[in-house]
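Text of work-v2.pdb, listed as PDB, C-alpha atoms, pLDDT in the B column:
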ATOM      1  CA  MET A 278      -5.465  -2.558  19.450  1.00 71.00           C
ATOM      2  CA  TYR A 279      -2.846  -1.412  16.951  1.00 82.00           C
ATOM      3  CA  ARG A 280      -3.667  -4.305  14.614  1.00 88.00           C
ATOM      4  CA  ASP A 281      -7.363  -3.438  14.678  1.00 89.00           C
ATOM      5  CA  GLN A 282      -6.583   0.151  13.718  1.00 85.00           C
ATOM      6  CA  ARG A 283      -4.360  -1.019  10.872  1.00 88.00           C
ATOM      7  CA  ARG A 284      -7.046  -3.421   9.667  1.00 90.00           C
ATOM      8  CA  VAL A 285      -9.698  -0.707   9.657  1.00 88.00           C
ATOM      9  CA  LEU A 286      -7.351   1.672   7.846  1.00 86.00           C
ATOM     10  CA  PHE A 287      -6.570  -0.985   5.250  1.00 88.00           C
ATOM     11  CA  GLN A 288     -10.281  -1.700   4.700  1.00 90.00           C
ATOM     12  CA  ARG A 289     -10.965   2.000   4.164  1.00 89.00           C
ATOM     13  CA  GLU A 290      -8.112   2.338   1.687  1.00 89.00           C
ATOM     14  CA  LEU A 291      -9.289  -0.770  -0.140  1.00 89.00           C
ATOM     15  CA  ALA A 292     -12.808   0.636  -0.382  1.00 89.00           C
ATOM     16  CA  GLU A 293     -11.340   3.811  -1.909  1.00 87.00           C
ATOM     17  CA  ARG A 294      -9.456   1.866  -4.543  1.00 89.00           C
ATOM     18  CA  GLU A 295     -12.433  -0.333  -5.419  1.00 89.00           C
ATOM     19  CA  CYS A 296     -14.712   2.640  -5.981  1.00 89.00           C
ATOM     20  CA  GLU A 297     -15.111   3.221  -9.710  1.00 90.00           C
ATOM     21  CA  ASP A 298     -16.656   6.688  -9.687  1.00 92.00           C
ATOM     22  CA  VAL A 299     -14.172   9.520  -9.262  1.00 93.00           C
ATOM     23  CA  LEU A 300     -16.546  11.676  -7.228  1.00 95.00           C
ATOM     24  CA  ASP A 301     -17.507   8.839  -4.900  1.00 94.00           C
ATOM     25  CA  ARG A 302     -13.823   8.050  -4.453  1.00 94.00           C
ATOM     26  CA  ALA A 303     -13.088  11.673  -3.567  1.00 94.00           C
ATOM     27  CA  LEU A 304     -15.879  11.646  -1.005  1.00 94.00           C
ATOM     28  CA  LEU A 305     -14.624   8.386   0.516  1.00 94.00           C
ATOM     29  CA  ARG A 306     -11.092   9.756   0.687  1.00 93.00           C
ATOM     30  CA  ALA A 307     -12.316  12.913   2.418  1.00 95.00           C
ATOM     31  CA  GLN A 308     -14.385  10.881   4.873  1.00 94.00           C
ATOM     32  CA  ASN A 309     -11.427   8.656   5.695  1.00 92.00           C
ATOM     33  CA  SER A 310      -9.214  11.698   6.151  1.00 93.00           C
ATOM     34  CA  LYS A 311     -11.755  13.201   8.526  1.00 94.00           C
ATOM     35  CA  LEU A 312     -11.973   9.988  10.537  1.00 90.00           C
ATOM     36  CA  ASN A 313      -8.169   9.780  10.743  1.00 88.00           C
ATOM     37  CA  GLY A 314      -7.919  13.393  11.894  1.00 92.00           C
ATOM     38  CA  VAL A 315      -6.092  14.608   8.802  1.00 93.00           C
ATOM     39  CA  ILE A 316      -8.729  17.198   7.908  1.00 96.00           C
ATOM     40  CA  SER A 317     -11.212  18.995  10.109  1.00 96.00           C
ATOM     41  CA  ALA A 318     -14.951  18.383  10.031  1.00 95.00           C
ATOM     42  CA  PRO A 319     -15.730  21.793   8.446  1.00 96.00           C
ATOM     43  CA  GLU A 320     -13.225  21.064   5.668  1.00 97.00           C
ATOM     44  CA  TYR A 321     -14.881  17.677   5.094  1.00 96.00           C
ATOM     45  CA  TYR A 322     -18.309  19.265   4.757  1.00 96.00           C
ATOM     46  CA  LYS A 323     -16.944  21.768   2.226  1.00 97.00           C
ATOM     47  CA  ILE A 324     -15.630  18.875   0.166  1.00 97.00           C
ATOM     48  CA  GLU A 325     -18.919  17.021   0.549  1.00 97.00           C
ATOM     49  CA  GLU A 326     -20.844  20.040  -0.752  1.00 97.00           C
ATOM     50  CA  ARG A 327     -18.518  20.384  -3.741  1.00 97.00           C
ATOM     51  CA  VAL A 328     -18.821  16.708  -4.602  1.00 97.00           C
ATOM     52  CA  SER A 329     -22.591  16.910  -4.318  1.00 97.00           C
ATOM     53  CA  SER A 330     -22.651  19.927  -6.635  1.00 97.00           C
ATOM     54  CA  LEU A 331     -20.458  18.151  -9.167  1.00 97.00           C
ATOM     55  CA  LYS A 332     -22.723  15.091  -9.080  1.00 96.00           C
ATOM     56  CA  LYS A 333     -25.752  17.283  -9.749  1.00 97.00           C
ATOM     57  CA  LEU A 334     -23.940  18.993 -12.611  1.00 96.00           C
ATOM     58  CA  ARG A 335     -22.945  15.667 -14.134  1.00 95.00           C
ATOM     59  CA  PHE A 336     -26.526  14.405 -13.837  1.00 95.00           C
ATOM     60  CA  THR A 337     -27.843  17.546 -15.526  1.00 96.00           C
ATOM     61  CA  GLU A 338     -25.344  17.280 -18.368  1.00 94.00           C
ATOM     62  CA  ASP A 339     -26.154  13.598 -18.890  1.00 92.00           C
ATOM     63  CA  TYR A 340     -29.870  14.380 -18.873  1.00 93.00           C
ATOM     64  CA  GLU A 341     -29.461  17.157 -21.454  1.00 93.00           C
ATOM     65  CA  ARG A 342     -27.608  14.786 -23.781  1.00 90.00           C
ATOM     66  CA  LEU A 343     -30.656  12.535 -23.978  1.00 85.00           C
TER
END

Translate the structure of the given file into structure tokens.
Amino acid sequence: MYRDQRRVLFQRELAERECEDVLDRALLRAQNSKLNGVISAPEYYKIEERVSSLKKLRFTEDYERL
């Protein structure tokens, strides 16, 4: 049981490190923290909303550059 938990934790951390986009990485880190019980669900959803807003802002800025 302990090995399975460690394996899952390692896979999550590896997925974080492989993610190239900073905002996606932040969202993955928050999700993993929520699943591990480090942060509460309401705190996770606040982070998710902020990341979503930042993605929209980045999209808008990229679109305006064209």

> Out of A:Glu341, A:Leu291, A:Asn313, A:Leu300, which residue has the shortest atom-to-atom distance to A:Arg327 when counting all atoms listed in the file?
Replying inline: A:Leu300

Spatial neighbours of A:Glu320, 12 Å, all atoms listed in the file, chain gap at least 6 places, as a compact mmCIF listing (two decimals) with C-alpha atoms, keeping the file's coordinate frame:
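Ended up saving to around.txt:
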# COMPACT_ATOMS: atom_id res chain seq x y z
CA LEU A 304 -15.88 11.65 -1.00
CA ALA A 307 -12.32 12.91 2.42
CA GLN A 308 -14.38 10.88 4.87
CA SER A 310 -9.21 11.70 6.15
CA LYS A 311 -11.76 13.20 8.53
CA GLY A 314 -7.92 13.39 11.89
CA GLU A 326 -20.84 20.04 -0.75
CA ARG A 327 -18.52 20.38 -3.74

> When you draw a straight line from atom CA of A:Phe287 to atom CA of A:Arg306, how long is it in Å?
Replying inline: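 If I compute the distance from atom CA of A:Phe287 to atom CA of A:Arg306, I get 12.5 Å.
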
> Expressed in Å to a single decimal, how great is the separation between atom CA of A:Val315 and atom CA of A:Glu293?
Replying inline: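 Separating atom CA of A:Val315 from atom CA of A:Glu293 is a distance of 16.1 Å.
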
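The gap separating atom CA of A:Asn309 from atom CA of A:Glu297 is 16.7 Å, in Å to one decimal.
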